Amino acid sequence: MGSAATNRRAVGLGLAVLTALGCLAACSSSSGGAPAGTSQAAGGGNHTIWDPYPQYDGDSAWVKLLRACGTQAGVTVERTAYDTSDLTNKALLAAQQGNAPDVLIVDNPVVSTLAEAGVLTTTQENKLDTSAIAPNLLAAGQSQGKAYGVPIGANTLALYYNKEVLKKADVDIASVKDWTSLTEALQKVKASGDKGITFSAIGTEEGSFQFLPWFWGSGAQLTKLDSPEGVAAVTLWTDWLKKGYAPNSVINNTQTTSWQEFAGGDYAFAENGTWQLANAEKAGFGYGIIPIPGKDGGTAPAPTGGEFVSIPVQKDTARYATSQKLVSCLTNTGNSLTTTTTLSYVAPTEQVQSEQVARNPDLKVWVEAVKAAKGRTSDDLGTKYPKISEPMWGAVQAALSGSASPRQAMADAQTAAASATQ
């Protein structure tokens with residue numbers, strides 16, 4: 001992995017990239033919370049695990065699984081839980097100080113940042129088995145052709161719909177198959193006196209996360225933001241606002257505030273993720289879920305959320321064997337159903353996905369969406385992704401606010417992204 005000095009320089013670069021990355025969308029349903037356990041890498045019979053799930057305390061199924069995996073591996077697990085953005089910062093600093101945890105569970109878009117900073121071992125080095133993992137999910141944790149961990153599960157985006165609002169507007173959900181039919185449905189809903197669709201277009205990574213299904217669903221590529229396809233995606237959203245099919249509030253909406261609008265019962269559609277399923281059950285009206293349609297039909301590739309379980313570089317390489325046992329325990333087929341159910345994720349393997357759907361048929365649409373999903377750092381973008389994402393969300397903001405046309409906004413974004421990624 002290079003000399004210690006080289007790694008320190010690389011970690012410094014990683015911290016700079018992380019600043020640009022900011023708080024990533026849909027990494028988990030976690031919010032702030034006090035760290036549990038200790039943050040010092042321990043020797044002897046202890047192994048440290050850092051995760052981004054502070055919402056789970058010592059009595060949770062998640063922490064009990066961590067402990068059980070430790071017992072199975074013959075060690076005591078010392079677990080620390082951080083909020084997502086704090087975790088990545090601390091992982092980079094710990095690596096710089098030579099004090100990385102034995103196992104690190106981190107949001108998938110920053111795997112490439114940590115990998116390029118020399119923080120993580122490859123699956124080839126640590127002998128983790130990735131053969132059963134869906135290739136599109138594994139790709140989110142790859143950099144320059146090498147895998148740096150195992151996805152613990154995935155979430156993504158789809159369209160929730162209000163059955164009562166659509167019935168009132170005489171819209172058959174089966175007719176919504178592409179952008180044209182979706183827009184026609186929104187037109188009918190508005191004509192019937194209700195509201196069309198809400199989503200998050202806020203000027204952060206959260207806004208990019210929600211825009212990507214439409215961008216990718218048009219056939220556009222992140223390396224050319226100003227392609228006709230990319231402009232078409234921005235134009236779709238802009239036209240919805242102009243025609244009153246979507247509210248102006250989307251410009252500042254987070255995924256949480258967007259959901260709150262939908263939960264009010266007046267909207268026909270909301271773009272949101274698996275993490276809202278429990279809230280959907282509490283909404284008080286009949287709802288359904290469909291994949292986000294591509295421009296000309298089919299399921300649009302939505303970005304994957306979720307974390308990777310990885311093994312950081314250690315001075316004492318003898319620790320890797322036990323770390324590998326811990327990661328394998330957390331992600332093997334036998335425990336994957338427990339893990340993904342606890343974390344509200346879709347499993348990363350086809351076998352466990354089938355078990356999830358057998359137990360809960362409502363998950364079928366999410367499994368289909370995850371199968372079509374795509375990592376934000378895939379296509380070998382790696383640490384270039386945040387440098388592209390920021391001008392992209394800026395372009396969406398400019399077009400929706402009317403300060404630039406979709407074509408000009410995306411042209412400006414492409415210029416900025418090209419300059420930043422040279």
# chains A, B, ... in the order shown; residues from 1 in each chain; ligands from 1

$ closest_atom_pairs --of "region 50-148 of chain A" --to "region 286-307 of chain A" --cutoff "8 Å" --atoms "only C-alpha atoms" --output "Markdown table"
| residue | atom | partner | partner_atom | distance |
| --- | --- | --- | --- | --- |
| A:Ile105 | CA | A:Glu307 | CA | 6.2 |
| A:Val106 | CA | A:Glu307 | CA | 5.1 |
| A:Asp107 | CA | A:Glu307 | CA | 4.3 |
| A:Asn108 | CA | A:Glu307 | CA | 5.0 |
| A:Leu137 | CA | A:Thr304 | CA | 7.4 |
| A:Ala140 | CA | A:Thr304 | CA | 7.8 |

$ select_by_dssp --residues "region 230-328 of chain A" --states "strand (DSSP E)" --output "list in words"
Tyr267, Ala268, Phe269, Ala270, Glu271, Asn272, Gly273, Tyr287, Gly288, Ile289, Ile290, Glu307, Phe308, Val309 and Ser310 of chain A

$ closest_residue --among "A:Ile197, A:Val352, A:Ala73, A:Val313" --to "Ala91 (chain A)" --atoms "only C-alpha atoms"
A:Val313

$ atom_distance --atom1 "CA of Leu120 (chain A)" --atom2 "CA of Leu104 (chain A)"
9.0 Å

$ closest_residue --among "A:Tyr385, A:Phe269, A:Trp214, A:Tyr160" --to "Lys190 (chain A)" --atoms "only C-alpha atoms"
A:Phe269

$ atom_distance --atom1 "CA of Gln221 (chain A)" --atom2 "CA of Lys242 (chain A)"
25.8 Å

$ closest_atom_pairs --of "region 132-238 of chain A" --to "region 391-411 of chain A" --cutoff "12 Å" --atoms "only C-alpha atoms" --output "CSV"
residue,atom,partner,partner_atom,distance
A:Ser200,CA,A:Gln397,CA,10.8
A:Ala201,CA,A:Gln397,CA,7.1
A:Ile202,CA,A:Gln397,CA,7.3
A:Gly203,CA,A:Trp393,CA,5.6
A:Thr204,CA,A:Trp393,CA,6.6
A:Glu205,CA,A:Trp393,CA,7.3
A:Glu206,CA,A:Trp393,CA,8.8
A:Gly207,CA,A:Trp393,CA,6.1
A:Ser208,CA,A:Trp393,CA,5.3
A:Phe209,CA,A:Trp393,CA,9.1
A:Gln210,CA,A:Trp393,CA,9.8
A:Phe211,CA,A:Trp393,CA,8.1
A:Leu212,CA,A:Met392,CA,9.6
A:Trp214,CA,A:Val396,CA,11.7
A:Phe215,CA,A:Met392,CA,10.1
A:Ala220,CA,A:Met410,CA,11.8
A:Gln221,CA,A:Met392,CA,11.7
A:Leu222,CA,A:Met392,CA,8.9
A:Thr223,CA,A:Met392,CA,10.9
A:Lys224,CA,A:Met410,CA,9.1
A:Leu225,CA,A:Met410,CA,5.9
A:Asp226,CA,A:Met410,CA,4.8
A:Ser227,CA,A:Met410,CA,8.2
A:Pro228,CA,A:Arg407,CA,8.3
A:Glu229,CA,A:Arg407,CA,10.5
A:Gly230,CA,A:Met410,CA,7.5
A:Val231,CA,A:Arg407,CA,5.6
A:Ala232,CA,A:Pro406,CA,8.0
A:Ala233,CA,A:Pro406,CA,8.8
A:Val234,CA,A:Pro406,CA,5.8
A:Thr235,CA,A:Pro406,CA,5.8
A:Leu236,CA,A:Pro406,CA,9.4
A:Trp237,CA,A:Leu400,CA,7.4
A:Thr238,CA,A:Leu400,CA,5.2

$ residues_around --residues "Glu125 (chain A)" --least-positions-apart "2" --cutoff "12 Å" --atoms "only C-alpha atoms" --output "list in words"
Met1, Leu120, Thr121, Thr122, Thr123, Lys127, Leu128, Asp129, Lys146, Ala147, Tyr148, Gly149, Ser310, Ile311, Pro312, Val313, Thr317, Tyr320, Ala321 and Gln324 of chain A

$ closest_residue --among "A:Gln314, A:Thr48, A:Gln97, A:Thr349" --to "Arg79 (chain A)" --atoms "only C-alpha atoms"
A:Thr48

$ closest_residue --among "A:Asn89, A:Ala154, A:Asn248, A:Lys387" --to "Leu138 (chain A)" --atoms "only C-alpha atoms"
A:Ala154

$ residues_around --residues "Val165 (chain A)" --least-positions-apart "3" --cutoff "12 Å" --atoms "only C-alpha atoms" --output "ChimeraX atom specification"
/A:160-162,168-173,185-186,188-197,262,264-269,285-288

$ write_last_selection --atoms "N, CA and C atoms" --output "mmCIF file, in the first residue's frame"
data_model
loop_
_atom_site.group_PDB
_atom_site.id
_atom_site.type_symbol
_atom_site.label_atom_id
_atom_site.label_comp_id
_atom_site.auth_asym_id
_atom_site.auth_seq_id
_atom_site.Cartn_x
_atom_site.Cartn_y
_atom_site.Cartn_z
ATOM 1 N N TYR A 160 -43.455 6.557 -4.566
ATOM 2 C CA TYR A 160 -44.639 6.234 -3.772
ATOM 3 C C TYR A 160 -45.830 6.943 -4.419
ATOM 4 N N TYR A 161 -47.005 6.319 -4.374
ATOM 5 C CA TYR A 161 -48.180 7.004 -4.897
ATOM 6 C C TYR A 161 -49.362 6.842 -3.950
ATOM 7 N N ASN A 162 -50.233 7.846 -3.969
ATOM 8 C CA ASN A 162 -51.433 7.885 -3.136
ATOM 9 C C ASN A 162 -52.598 7.328 -3.957
ATOM 10 N N LYS A 168 -59.288 9.482 -7.666
ATOM 11 C CA LYS A 168 -60.077 10.701 -7.880
ATOM 12 C C LYS A 168 -59.776 11.325 -9.241
ATOM 13 N N ALA A 169 -58.510 11.228 -9.677
ATOM 14 C CA ALA A 169 -58.105 11.814 -10.964
ATOM 15 C C ALA A 169 -58.295 10.852 -12.123
ATOM 16 N N ASP A 170 -58.831 9.662 -11.839
ATOM 17 C CA ASP A 170 -59.056 8.643 -12.859
ATOM 18 C C ASP A 170 -57.755 8.246 -13.561
ATOM 19 N N VAL A 171 -56.705 8.042 -12.740
ATOM 20 C CA VAL A 171 -55.410 7.601 -13.259
ATOM 21 C C VAL A 171 -55.195 6.136 -12.885
ATOM 22 N N ASP A 172 -54.956 5.316 -13.884
ATOM 23 C CA ASP A 172 -54.606 3.915 -13.655
ATOM 24 C C ASP A 172 -53.087 3.838 -13.522
ATOM 25 N N ILE A 173 -52.606 3.418 -12.355
ATOM 26 C CA ILE A 173 -51.168 3.411 -12.123
ATOM 27 C C ILE A 173 -50.443 2.519 -13.134
ATOM 28 N N ALA A 185 -50.319 11.805 -16.161
ATOM 29 C CA ALA A 185 -50.972 11.510 -14.880
ATOM 30 C C ALA A 185 -50.953 12.737 -13.973
ATOM 31 N N LEU A 186 -49.838 13.446 -13.942
ATOM 32 C CA LEU A 186 -49.731 14.653 -13.117
ATOM 33 C C LEU A 186 -50.716 15.722 -13.589
ATOM 34 N N LYS A 188 -53.626 15.196 -15.018
ATOM 35 C CA LYS A 188 -54.966 14.790 -14.579
ATOM 36 C C LYS A 188 -55.164 15.071 -13.089
ATOM 37 N N VAL A 189 -54.130 14.806 -12.314
ATOM 38 C CA VAL A 189 -54.226 15.037 -10.864
ATOM 39 C C VAL A 189 -54.438 16.516 -10.571
ATOM 40 N N LYS A 190 -53.682 17.371 -11.246
ATOM 41 C CA LYS A 190 -53.842 18.807 -11.030
ATOM 42 C C LYS A 190 -55.246 19.247 -11.439
ATOM 43 N N ALA A 191 -55.728 18.728 -12.545
ATOM 44 C CA ALA A 191 -57.066 19.084 -13.029
ATOM 45 C C ALA A 191 -58.156 18.651 -12.053
ATOM 46 N N SER A 192 -57.887 17.592 -11.291
ATOM 47 C CA SER A 192 -58.887 17.097 -10.333
ATOM 48 C C SER A 192 -58.833 17.831 -8.994
ATOM 49 N N GLY A 193 -57.877 18.767 -8.859
ATOM 50 C CA GLY A 193 -57.819 19.586 -7.656
ATOM 51 C C GLY A 193 -56.768 19.178 -6.643
ATOM 52 N N ASP A 194 -55.983 18.169 -6.949
ATOM 53 C CA ASP A 194 -54.927 17.746 -6.025
ATOM 54 C C ASP A 194 -53.552 18.138 -6.563
ATOM 55 N N LYS A 195 -52.519 17.693 -5.863
ATOM 56 C CA LYS A 195 -51.157 18.069 -6.213
ATOM 57 C C LYS A 195 -50.428 16.886 -6.846
ATOM 58 N N GLY A 196 -49.446 17.202 -7.708
ATOM 59 C CA GLY A 196 -48.809 16.173 -8.532
ATOM 60 C C GLY A 196 -47.722 15.363 -7.856
ATOM 61 N N ILE A 197 -46.513 15.892 -7.840
ATOM 62 C CA ILE A 197 -45.368 15.123 -7.371
ATOM 63 C C ILE A 197 -44.442 15.999 -6.543
ATOM 64 N N PHE A 262 -45.770 14.758 1.089
ATOM 65 C CA PHE A 262 -46.551 13.624 0.591
ATOM 66 C C PHE A 262 -47.450 13.050 1.676
ATOM 67 N N GLY A 264 -48.964 14.482 3.875
ATOM 68 C CA GLY A 264 -50.142 15.316 4.109
ATOM 69 C C GLY A 264 -51.371 14.811 3.371
ATOM 70 N N GLY A 265 -51.175 13.967 2.345
ATOM 71 C CA GLY A 265 -52.291 13.321 1.670
ATOM 72 C C GLY A 265 -52.796 13.995 0.410
ATOM 73 N N ASP A 266 -52.167 15.111 0.000
ATOM 74 C CA ASP A 266 -52.651 15.840 -1.172
ATOM 75 C C ASP A 266 -51.883 15.531 -2.452
ATOM 76 N N TYR A 267 -50.728 14.882 -2.328
ATOM 77 C CA TYR A 267 -49.882 14.628 -3.494
ATOM 78 C C TYR A 267 -50.127 13.241 -4.062
ATOM 79 N N ALA A 268 -50.046 13.155 -5.386
ATOM 80 C CA ALA A 268 -50.211 11.870 -6.046
ATOM 81 C C ALA A 268 -48.953 11.026 -5.931
ATOM 82 N N PHE A 269 -47.777 11.668 -6.068
ATOM 83 C CA PHE A 269 -46.513 10.929 -6.097
ATOM 84 C C PHE A 269 -45.463 11.595 -5.215
ATOM 85 N N PHE A 285 -53.397 6.691 4.587
ATOM 86 C CA PHE A 285 -54.076 6.533 3.296
ATOM 87 C C PHE A 285 -53.433 5.378 2.535
ATOM 88 N N GLY A 286 -54.158 4.828 1.583
ATOM 89 C CA GLY A 286 -53.629 3.736 0.782
ATOM 90 C C GLY A 286 -52.515 4.220 -0.118
ATOM 91 N N TYR A 287 -51.442 3.465 -0.151
ATOM 92 C CA TYR A 287 -50.311 3.861 -0.987
ATOM 93 C C TYR A 287 -49.797 2.652 -1.767
ATOM 94 N N GLY A 288 -49.055 2.940 -2.802
ATOM 95 C CA GLY A 288 -48.370 1.909 -3.570
ATOM 96 C C GLY A 288 -47.009 2.429 -3.964
#

$ select_by_dssp --residues "region 36-221 of chain A" --states "alpha helix (DSSP H)" --output "ChimeraX atom specification"
/A:61-73,84-96,111-116,123-126,135-138,163-168,179-191,205-217

$ closest_residue --among "A:Leu381, A:Ile49, A:Leu65, A:Ser131" --to "Thr338 (chain A)" --atoms "only C-alpha atoms"
A:Leu65

$ closest_residue --among "A:Gln144, A:Thr130, A:Gln422, A:Trp179" --to "Thr377 (chain A)" --atoms "only C-alpha atoms"
A:Gln144

$ residues_around --residues "Thr256 (chain A)" --least-positions-apart "3" --cutoff "9 Å" --atoms "only C-alpha atoms" --output "mmCIF file with N, CA and C atoms, in the first residue's frame"
data_model
loop_
_atom_site.group_PDB
_atom_site.id
_atom_site.type_symbol
_atom_site.label_atom_id
_atom_site.label_comp_id
_atom_site.auth_asym_id
_atom_site.auth_seq_id
_atom_site.Cartn_x
_atom_site.Cartn_y
_atom_site.Cartn_z
ATOM 1 N N SER A 200 -36.958 15.952 -3.713
ATOM 2 C CA SER A 200 -35.925 16.799 -3.120
ATOM 3 C C SER A 200 -34.952 17.254 -4.191
ATOM 4 N N ASN A 253 -36.372 21.407 -0.579
ATOM 5 C CA ASN A 253 -36.777 20.175 0.097
ATOM 6 C C ASN A 253 -35.608 19.228 0.330
ATOM 7 N N TRP A 259 -41.006 14.132 2.003
ATOM 8 C CA TRP A 259 -41.898 13.080 2.491
ATOM 9 C C TRP A 259 -43.040 13.663 3.313
ATOM 10 N N GLN A 260 -42.735 14.659 4.123
ATOM 11 C CA GLN A 260 -43.768 15.295 4.945
ATOM 12 C C GLN A 260 -44.863 15.905 4.075
ATOM 13 N N GLU A 261 -44.480 16.463 2.920
ATOM 14 C CA GLU A 261 -45.480 16.989 1.985
ATOM 15 C C GLU A 261 -46.382 15.861 1.487
ATOM 16 N N ASN A 272 -38.985 8.839 -3.123
ATOM 17 C CA ASN A 272 -38.318 8.619 -1.844
ATOM 18 C C ASN A 272 -37.817 7.190 -1.761
ATOM 19 N N GLN A 276 -38.525 5.048 4.081
ATOM 20 C CA GLN A 276 -39.817 5.660 4.416
ATOM 21 C C GLN A 276 -40.950 4.633 4.527
#
